[in-house]
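Undergrad: One structure coming up, written as structure tokens, with questions to follow.
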Protein chains: 2
Amino acid sequence: MLDSLFNPKSVAIIGASTKDLSIGNRVIKNLVDFDFKGPVYPINPKADEVRGIKAYKSIMDCPDGIDVVHMVIPAKFVPQAVDDCGKKGVKNIIINSGGFSEIGPEGEAIEKDFLERAKKYGIRMFGPNCQGIINSDPDIRAYCNFTFTKPEPGAISIVALSGGVAEVIHQGFAQMGVGTRIYASNGNACDITIPEIIRYLGDDEGTRVIVTYVEGLRDPETFMQVAKEVAAKKPVLAMKAGRTKEGAKAAASHTGGLAKEDIATDLIFKKAGILMFHDEGELIQAAAAFASQSIPKGGRIGIITNTGGPAVIATDIFVGAGCTLPPLSDKTKTFLKEKLYPEASINNPVDVLATANAGHYRACLDAMMDDDSFDCVFVNFVTPFFVDTDSIAKEIVEVNAQGKKPIVCNLMTDPNEWTETVRILREGNVPFFPLPSEAARAMTGLVRYSRVVSRDIGEPKQFTDVDKTKALGIIENAKSAGKEFLSAEDVYDVLAAYQIPVAAWKITASADEAAKAAEEIGFPVVVKADAESVVHKSDMGGVAINLEDADAVKSAAETMGRKIDAADLKFLVQKFMPGGLEIILGAKAEEGLGHMIMFGLGGIYVEIMKDVVFNLTPVTPFEAEEMLSSIKGKELLDGVRGQKGVDKASIMDSIKRLSQLVSDIPMIQEMDLNPVMAFEDKIVIVDARIGL
Amino acid sequence: MLDSLFNPKSVAIIGASTKDLSIGNRVIKNLVDFDFKGPVYPINPKADEVRGIKAYKSIMDCPDGIDVVHMVIPAKFVPQAVDDCGKKGVKNIIINSGGFSEIGPEGEAIEKDFLERAKKYGIRMFGPNCQGIINSDPDIRAYCNFTFTKPEPGAISIVALSGGVAEVIHQGFAQMGVGTRIYASNGNACDITIPEIIRYLGDDEGTRVIVTYVEGLRDPETFMQVAKEVAAKKPVLAMKAGRTKEGAKAAASHTGGLAKEDIATDLIFKKAGILMFHDEGELIQAAAAFASQSIPKGGRIGIITNTGGPAVIATDIFVGAGCTLPPLSDKTKTFLKEKLYPEASINNPVDVLATANAGHYRACLDAMMDDDSFDCVFVNFVTPFFVDTDSIAKEIVEVNAQGKKPIVCNLMTDPNEWTETVRILREGNVPFFPLPSEAARAMTGLVRYSRVVSRDIGEPKQFTDVDKTKALGIIENAKSAGKEFLSAEDVYDVLAAYQIPVAAWKITASADEAAKAAEEIGFPVVVKADAESVVHKSDMGGVAINLEDADAVKSAAETMGRKIDAADLKFLVQKFMPGGLEIILGAKAEEGLGHMIMFGLGGIYVEIMKDVVFNLTPVTPFEAEEMLSSIKGKELLDGVRGQKGVDKASIMDSIKRLSQLVSDIPMIQEMDLNPVMAFEDKIVIVDARIGL
């Protein structure tokens, strides 16, 4: 439990400094300025006091029962200091200093050293090379941190390795006047990890929404597990940076990052029910909405505006995000016709006009809250000097307090002049934003999350008609034989063991055998040269398609035999299956995460359009269905231009079987089923590859 | 000339009011508070003074030489007041009041009435139903406007019909402390139009960048002409809202909008060289960068950071926008290894470390300014308490003042604490933004504009080998015959007149003739039933493809004859051209703009992927080439998977000919050339339609 870290009763600073511009001084200043509720013990062998607070020569001289010690001393002194803290019974140490694993092997050794000592004493380590923590709980007010953004108490907690971005996010809230709860940036994170902190925040009653920023996940498995647990309790909003190759490189070059260009993080977020952002501004704005608003039932939005253009901008954003702007119910229309100016526009958006007063706004708010057509209410509110904007703000606050449906407000004003209007909305917990697009996007965050919450991916199906023993045997044999890829025969046997449908096939050793096999399979057939010693078989003329009779097969195999001079040459004869819709299926191992399953359209066009989707194993039936409906060309699966659709059930079946196969046999590194021919009543894999 | 409107020597207010919360009072307050350099004449029949300023009973009593009169009186009194102004020699009238064309026919009549009177006297009318203008020129300081955002003098001018969004944009600049120059929001715009104002701003020396917001264009032709002229002189940044159907509907329902869902506005912006935005926040931020920074030569960006994560975020945005982060030159590396901390990361981004001082920043800035690898320099700058951030800011300002390359800064700070650092950057004209993504996007705005500036679309090619007379004759005949669509014969004749290649064809009256024609054309052929009286010919079995001999043709035609019972039935016999890449070409008339030309991939996949691009006529050779390289599947044109590419020159040729055809004969409403089969050495239109 991290209780004593985030709710310390006392804090000592080893490396407390009398110099203003040092971290060992700043941490003390922050604790004092923020009115920390417990005692602060500066440790300094030479000074009697630091910032007017009695200093101790050593941690050993301090009163007992210290929950948190800051260490702001050179790395080489840390292990000994940890020992001292252990003897003293300290519970947590925040190492603000750098000079550890982030600088290379030498620092890494010191980190390992102090960590072993800490474990011996049961001390939890935060950092090193980190900012620290903040808890703005009015009973605690622990500012164990040298950063500059002092929070107002609030309901948003922030956690990130990257101090830079955590601080930017924190500053974003501060500038909006939105309070925060716990802040934790743990730098090298040698002991206490991000998932552990997220789990703590999940249990923290004062935290209503968790915001995190990642560049890469060190322990994806644990992250996934914790994220699932916590996201089931409260919204977790996350941003992943290092999305481009260059961004990932930049991330890798600084401390916080272990990133590679990946899409697995996105998939983890999705699977865990984390709401994902690609922009820190949007993340900040959405979190501000989550901090005070409930999750809407859906994306049907009612807009109230006293100015035209900003409502148009908001409308574009809502519609672009898949929300709808339903018409007002007849009852609402009738009611508003009575209540609003005759020139007001009684549509959605409702334009109450710039001259609208508090009564007009209230009528609209009440009507939309009671109108079942809407899940949430969006307010564009410019503050003309000729109306009593304070009263309008009060009405918005009153309706917001009823908590019927979420409200987000686009307040367009000069905050230095309309201070009272701003204050009323802020204290009334109405999230408001100066730009219409920002406000609208904050609201779409709530709506997106309503979809996350209602999305129950269910459990994966466990197929019992599979022969795991057989498939495992094939793969273990190949592995012990040192093979990187399975032979064609092995590939098809593995697929068959999992009932993944393969076009009828046979491996043959001669042209005559090939012709015979073709007759058994039925024409037309394809013949493929199969020789492990030869890599680019198709470039060497090793594939012949659409062979209509035995002679053609024999002749094709003989030609291949002449072109490809390999002792281990065999001929794969397979049913030729033209005319279907080409799709592709695949799997790829992701360290610590199982596998990524891929589905997409195949063929020449889509190779260029890259119309593929991914999911992490285990892929549940819900997710398999979602994959099919997530590709851009999904209409093709249903049939277009009078063509028949394809057998979607079989595609989903194979996705789930593929998921089970790679989960059962994790040593499979990658699988490519490409192409898979999809027909009206079946799908058939016509080429496949399995890499170990 | 709008000189006397934007630089008034004196301002009178008809409808000056002694009531604080009235527009007739507020305009006077704004003029006085903003320190307007000329006299203000309140007109009020009952009061001796308004806000302490001598009031006049009537405009006739005022001193002469009035440049601007505000009218804040009921609509019905306006025509008479305009007459009075005319007699008085007033040059411009700003009508703030509403009650004109925006409320319906009655108001429209009044608007027409006062406009006629104004014209008689040569008075220019601004509005009605508008906010007014502001000119922050220190010699003028004309705040002829009742809005609340008072500008600091600056270089950005704002123009929009929509007062709401203009004010939001203005407020955005004010909150950033970025000055503005001229502000103009003209409501109903009955006389002085947006293009006229933009042209004025183009000539205004104090305006460095023009920002506009539109929901739809009333007079696209004039807008295009003016925009081209002005964009050649200075950056014009524009946002279009009402992009979604619902947004367009919202726009149409309020005063400013005449919008329909369109893409023509985007094409106008592009053709005119206007930099387009889809988000008012991005527009505001980019404009702030344009206000002080030069246009970079390209998109090669050097990043200097003192914190990791924010540089990762910026990198993602740069790369996503097509910018590059080149490596440092060896010279720069060597130089920085000497100058920076040993632990600093000498890459791009350069991480100077949080402890970096002014000298480190300066070394980096100097090096990047002199390193030819970079076109612009981006600075992530967090303000730790332990470094002298003022000195760092001063170095940034000094280097910025040298004007070698544009600089944008991501300043991460508490602006209430680091007031001096903020002040130094602001007064030093360094654009800075709190969020890394905002700062990065502002910089990508500069880079995008560098592409706009360097993009010379050239002149359209005039083909002389076309037979306009013939094509025009065909179309005029069809038109006078009341046809909505040309017959197949006419369509192909028109295309042939413009040397747009059509698969060899012949119209025949009987099955026998069809067979004969097929022999002349050469097999295989397609036969299509051609009867103007029948609409869905293909659904009725009116198409037979891939006919290999005369018998097949005859038989197909006979079958059609039996199925389609039409007196005017003919048979179009056409060369069958399988195996090419299907593409589509099209044209559509856009009122006031000529035509929109479309090009895209055809076929079943891309019908779903909607991979098409548009351009406005006349399409120049440069633009035609750009169209080909703008589709997502452009690789298909060059050939993939060993396939040969198609004849791109012929596609471009047909695009240009199509452009010339619809420009020559504007009564063509729409053309569909679909499909066009593209081969290695030619393209051939195999089906086409022309609508009038």
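How things are named: the first chain in the structure tokens is A, the next is B, and so on; residues count from 1 in each chain; ligands count from 1 in the order shown.
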Mind listing as JSON, numbers by chain which residues of chain A are within 7 Å of chain B, counting only C-alpha atoms?
TA: {"A": [21, 22, 149, 162, 164, 165, 168, 171, 241, 242, 243, 244, 246, 247, 250, 251, 254, 279, 281, 307, 308, 309, 310, 312, 313, 315, 316, 319, 349, 385, 386, 412, 414, 435, 437, 608, 609, 632, 633]}
Undergrad: Using C-alpha atoms, can you write the selected residues to a file as a tab-separated table (two decimals), in the first residue's frame?
TA:
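Output file out.tsv is given in full below:
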```tsv
chain	number	residue	atom	x	y	z
A	21	LEU	CA	17.88	27.88	-5.77
A	22	SER	CA	18.46	24.29	-4.73
A	149	THR	CA	2.52	24.29	-10.08
A	162	SER	CA	7.74	12.11	-17.62
A	164	GLY	CA	7.93	17.46	-18.15
A	165	VAL	CA	4.55	16.41	-19.49
A	168	VAL	CA	2.48	20.66	-18.44
A	171	GLN	CA	-0.20	23.60	-15.33
A	241	ALA	CA	3.38	10.07	-27.35
A	242	GLY	CA	6.21	8.82	-29.49
A	243	ARG	CA	3.62	7.74	-32.03
A	244	THR	CA	5.80	8.47	-35.02
A	246	GLU	CA	10.91	10.01	-34.98
A	247	GLY	CA	8.86	10.68	-31.86
A	250	ALA	CA	13.12	11.17	-29.28
A	251	ALA	CA	11.38	9.32	-26.47
A	254	HIS	CA	15.45	10.64	-22.77
A	279	ASP	CA	-3.26	15.61	-27.82
A	281	GLY	CA	-4.66	19.83	-24.71
A	307	THR	CA	-24.24	33.48	-30.77
A	308	GLY	CA	-24.32	31.81	-34.16
A	309	GLY	CA	-20.85	30.93	-35.38
A	310	PRO	CA	-19.49	29.24	-32.27
A	312	VAL	CA	-21.63	25.98	-35.91
A	313	ILE	CA	-18.06	25.17	-34.91
A	315	THR	CA	-21.77	21.25	-34.30
A	316	ASP	CA	-19.02	20.33	-36.76
A	319	VAL	CA	-20.91	15.41	-35.78
A	349	PRO	CA	-28.84	24.45	-31.71
A	385	PHE	CA	-22.14	43.80	-21.78
A	386	PHE	CA	-25.86	44.47	-22.06
A	412	MET	CA	-16.58	33.42	-24.45
A	414	ASP	CA	-12.78	38.56	-21.13
A	435	LEU	CA	-12.97	28.22	-27.49
A	437	SER	CA	-13.89	23.67	-30.35
A	608	ILE	CA	-1.91	0.30	-50.65
A	609	MET	CA	-4.87	1.52	-48.62
A	632	LYS	CA	-12.86	1.11	-43.90
A	633	GLY	CA	-14.01	-1.26	-46.61
```
Undergrad: Taking the DSSP assignment computed from this structure's backbone, write out as a ChimeraX atom specification all residues of segment 469-604 of chain B that belong to strand (DSSP E or B).
TA: /B:485,502,505-508,525-530,543-547,570-575,581-590,594-601
Undergrad: Taking only residues of segment 605-670 of chain A that have an atom at most 12 Å from an atom of segment 500-508 of chain A, what is each one's shortest atom pair and its distance in Å to one decimal, using only C-alpha atoms, in chain and number order, as a tab-separated table?
TA:
```
residue	atom	partner	partner_atom	distance
A:Ser650	CA	A:Pro501	CA	9.1
A:Ile651	CA	A:Ile500	CA	9.6
A:Met652	CA	A:Ile500	CA	10.9
A:Asp653	CA	A:Ile500	CA	8.3
A:Ser654	CA	A:Ile500	CA	5.7
A:Ile655	CA	A:Ile500	CA	9.0
A:Lys656	CA	A:Ile500	CA	9.8
A:Arg657	CA	A:Ile500	CA	6.9
A:Leu658	CA	A:Ile500	CA	7.6
A:Ser659	CA	A:Ile500	CA	11.1
A:Gln660	CA	A:Ile500	CA	11.1
A:Leu661	CA	A:Ile500	CA	9.8
```
Undergrad: What's around Glu590 of chain B at 12 Å? Count only C-alpha atoms, leave out sequence neighbours fewer than 4 positions away in its own chain, and write the answer as a list in words.
TA: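 Non-adjacent residues within range: Leu217, Asp219, Pro220, Glu221, Asp262, Ile263, Ala264, Thr265, Leu267, Ile268, Gly594, His595, Met596, Ile597, Asn615, Leu616, Thr617, Val662, Ser663, Pro666, Met667, Ile668, Gln669 and Glu670 of chain B.
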Undergrad: If you keep N, CA and C atoms, can you produce a file of those selected residues as a PDB file, in the first residue's frame?
TA:
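File produced: selection30.pdb:
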```
ATOM      1  N   LEU B 217     -19.491  31.320 -48.800  1.00  0.00           N
ATOM      2  CA  LEU B 217     -19.101  32.516 -49.543  1.00  0.00           C
ATOM      3  C   LEU B 217     -20.288  33.006 -50.354  1.00  0.00           C
ATOM      4  N   ASP B 219     -20.183  35.476 -52.631  1.00  0.00           N
ATOM      5  CA  ASP B 219     -19.778  35.806 -53.996  1.00  0.00           C
ATOM      6  C   ASP B 219     -18.416  35.164 -54.210  1.00  0.00           C
ATOM      7  N   PRO B 220     -18.446  33.854 -54.460  1.00  0.00           N
ATOM      8  CA  PRO B 220     -17.184  33.112 -54.532  1.00  0.00           C
ATOM      9  C   PRO B 220     -16.222  33.663 -55.576  1.00  0.00           C
ATOM     10  N   GLU B 221     -16.778  34.131 -56.692  1.00  0.00           N
ATOM     11  CA  GLU B 221     -15.929  34.599 -57.779  1.00  0.00           C
ATOM     12  C   GLU B 221     -15.083  35.790 -57.324  1.00  0.00           C
ATOM     13  N   ASP B 262     -20.143  22.057 -48.431  1.00  0.00           N
ATOM     14  CA  ASP B 262     -19.423  22.194 -49.694  1.00  0.00           C
ATOM     15  C   ASP B 262     -17.946  21.915 -49.522  1.00  0.00           C
ATOM     16  N   ILE B 263     -17.329  21.548 -50.623  1.00  0.00           N
ATOM     17  CA  ILE B 263     -15.881  21.455 -50.600  1.00  0.00           C
ATOM     18  C   ILE B 263     -15.285  22.536 -51.479  1.00  0.00           C
ATOM     19  N   ALA B 264     -16.158  23.278 -52.161  1.00  0.00           N
ATOM     20  CA  ALA B 264     -15.666  24.315 -53.073  1.00  0.00           C
ATOM     21  C   ALA B 264     -14.873  25.370 -52.320  1.00  0.00           C
ATOM     22  N   THR B 265     -15.317  25.710 -51.105  1.00  0.00           N
ATOM     23  CA  THR B 265     -14.606  26.733 -50.352  1.00  0.00           C
ATOM     24  C   THR B 265     -13.158  26.311 -50.091  1.00  0.00           C
ATOM     25  N   LEU B 267     -11.425  24.409 -51.937  1.00  0.00           N
ATOM     26  CA  LEU B 267     -10.703  24.480 -53.211  1.00  0.00           C
ATOM     27  C   LEU B 267     -10.364  25.929 -53.563  1.00  0.00           C
ATOM     28  N   ILE B 268     -11.286  26.832 -53.220  1.00  0.00           N
ATOM     29  CA  ILE B 268     -11.013  28.260 -53.446  1.00  0.00           C
ATOM     30  C   ILE B 268      -9.817  28.690 -52.606  1.00  0.00           C
ATOM     31  N   GLY B 594     -17.039  28.569 -61.964  1.00  0.00           N
ATOM     32  CA  GLY B 594     -16.677  27.631 -63.018  1.00  0.00           C
ATOM     33  C   GLY B 594     -17.083  26.232 -62.597  1.00  0.00           C
ATOM     34  N   HIS B 595     -16.168  25.272 -62.738  1.00  0.00           N
ATOM     35  CA  HIS B 595     -16.497  23.879 -62.434  1.00  0.00           C
ATOM     36  C   HIS B 595     -15.493  23.283 -61.467  1.00  0.00           C
ATOM     37  N   MET B 596     -15.948  22.244 -60.814  1.00  0.00           N
ATOM     38  CA  MET B 596     -15.064  21.425 -60.020  1.00  0.00           C
ATOM     39  C   MET B 596     -14.704  20.219 -60.876  1.00  0.00           C
ATOM     40  N   ILE B 597     -13.413  19.930 -60.998  1.00  0.00           N
ATOM     41  CA  ILE B 597     -12.967  18.756 -61.756  1.00  0.00           C
ATOM     42  C   ILE B 597     -12.585  17.667 -60.757  1.00  0.00           C
ATOM     43  N   ASN B 615     -10.522  19.746 -57.982  1.00  0.00           N
ATOM     44  CA  ASN B 615      -9.869  21.010 -58.252  1.00  0.00           C
ATOM     45  C   ASN B 615     -10.835  21.909 -59.002  1.00  0.00           C
ATOM     46  N   LEU B 616     -10.634  23.204 -58.878  1.00  0.00           N
ATOM     47  CA  LEU B 616     -11.480  24.133 -59.612  1.00  0.00           C
ATOM     48  C   LEU B 616     -10.876  24.437 -60.973  1.00  0.00           C
ATOM     49  N   THR B 617     -11.742  24.656 -61.944  1.00  0.00           N
ATOM     50  CA  THR B 617     -11.262  25.091 -63.253  1.00  0.00           C
ATOM     51  C   THR B 617     -10.771  26.524 -63.155  1.00  0.00           C
ATOM     52  N   VAL B 662     -15.309  22.259 -70.085  1.00  0.00           N
ATOM     53  CA  VAL B 662     -16.380  22.841 -69.270  1.00  0.00           C
ATOM     54  C   VAL B 662     -16.202  24.345 -69.095  1.00  0.00           C
ATOM     55  N   SER B 663     -14.962  24.828 -69.218  1.00  0.00           N
ATOM     56  CA  SER B 663     -14.765  26.276 -69.174  1.00  0.00           C
ATOM     57  C   SER B 663     -15.266  26.929 -70.460  1.00  0.00           C
ATOM     58  N   PRO B 666     -19.821  26.525 -70.387  1.00  0.00           N
ATOM     59  CA  PRO B 666     -20.224  26.482 -68.973  1.00  0.00           C
ATOM     60  C   PRO B 666     -21.615  25.905 -68.760  1.00  0.00           C
ATOM     61  N   MET B 667     -22.415  25.785 -69.811  1.00  0.00           N
ATOM     62  CA  MET B 667     -23.762  25.256 -69.569  1.00  0.00           C
ATOM     63  C   MET B 667     -23.737  23.762 -69.251  1.00  0.00           C
ATOM     64  N   ILE B 668     -22.574  23.130 -69.421  1.00  0.00           N
ATOM     65  CA  ILE B 668     -22.441  21.738 -68.951  1.00  0.00           C
ATOM     66  C   ILE B 668     -22.511  21.752 -67.423  1.00  0.00           C
ATOM     67  N   GLN B 669     -23.504  21.089 -66.877  1.00  0.00           N
ATOM     68  CA  GLN B 669     -23.666  21.072 -65.430  1.00  0.00           C
ATOM     69  C   GLN B 669     -22.835  19.989 -64.771  1.00  0.00           C
ATOM     70  N   GLU B 670     -22.822  18.818 -65.410  1.00  0.00           N
ATOM     71  CA  GLU B 670     -22.000  17.759 -64.844  1.00  0.00           C
ATOM     72  C   GLU B 670     -21.557  16.783 -65.908  1.00  0.00           C
TER      73      GLU B 670
END
```
Undergrad: Need the shell around segment 520-535 of chain A: protein/DNA/RNA residues with any atom at most 9 Å away, counting only C-alpha atoms. Skip same-chain ones fewer than 4 positions apart. Format as number ranges by chain?
TA: A: 487-488, 504-507, 514-516, 541-550, 553, 556-557, 560-561, 564-577
Undergrad: Would you list the contacts of segment 73-81 of chain A as a short mmCIF file (atom, residue, chain, number, x, y, z; two decimals) with N, CA and C atoms, in the first residue's frame, taking every protein, DNA or RNA residue within 8 Å and counting only C-alpha atoms, but skipping same-chain residues closer than 3 positions in sequence?
TA:
```
data_model
loop_
_atom_site.label_atom_id
_atom_site.label_comp_id
_atom_site.auth_asym_id
_atom_site.auth_seq_id
_atom_site.Cartn_x
_atom_site.Cartn_y
_atom_site.Cartn_z
N ILE A 14 16.75 14.75 3.32
CA ILE A 14 18.19 14.53 3.40
C ILE A 14 18.82 15.28 2.24
N GLY A 15 19.61 16.25 2.57
CA GLY A 15 20.15 17.15 1.55
C GLY A 15 19.42 18.48 1.58
N ASP A 84 20.63 4.13 6.52
CA ASP A 84 20.29 4.94 7.70
C ASP A 84 18.78 5.01 7.86
N CYS A 85 18.10 5.29 6.75
CA CYS A 85 16.64 5.40 6.80
C CYS A 85 16.03 4.09 7.25
N SER A 97 17.27 13.33 -6.68
CA SER A 97 18.54 13.42 -7.39
C SER A 97 18.59 12.51 -8.60
N GLY A 98 19.41 12.88 -9.57
CA GLY A 98 19.69 12.02 -10.70
C GLY A 98 21.07 11.40 -10.53
N GLY A 99 21.53 10.70 -11.55
CA GLY A 99 22.84 10.06 -11.53
C GLY A 99 22.72 8.56 -11.36
N PHE A 100 21.59 8.01 -11.74
CA PHE A 100 21.37 6.57 -11.56
C PHE A 100 21.26 5.87 -12.92
N GLY A 107 25.66 4.33 -12.85
CA GLY A 107 24.50 4.75 -12.07
C GLY A 107 23.54 3.59 -11.83
N ILE A 110 24.54 1.71 -8.79
CA ILE A 110 24.15 2.37 -7.53
C ILE A 110 22.66 2.15 -7.28
N ASP A 113 22.08 -1.22 -6.00
CA ASP A 113 22.61 -1.29 -4.63
C ASP A 113 21.59 -0.73 -3.62
N PHE A 114 21.15 0.51 -3.86
CA PHE A 114 20.26 1.10 -2.84
C PHE A 114 18.92 0.37 -2.80
N ARG A 117 19.14 -2.62 -0.58
CA ARG A 117 19.13 -2.20 0.83
C ARG A 117 17.71 -1.82 1.25
#
```
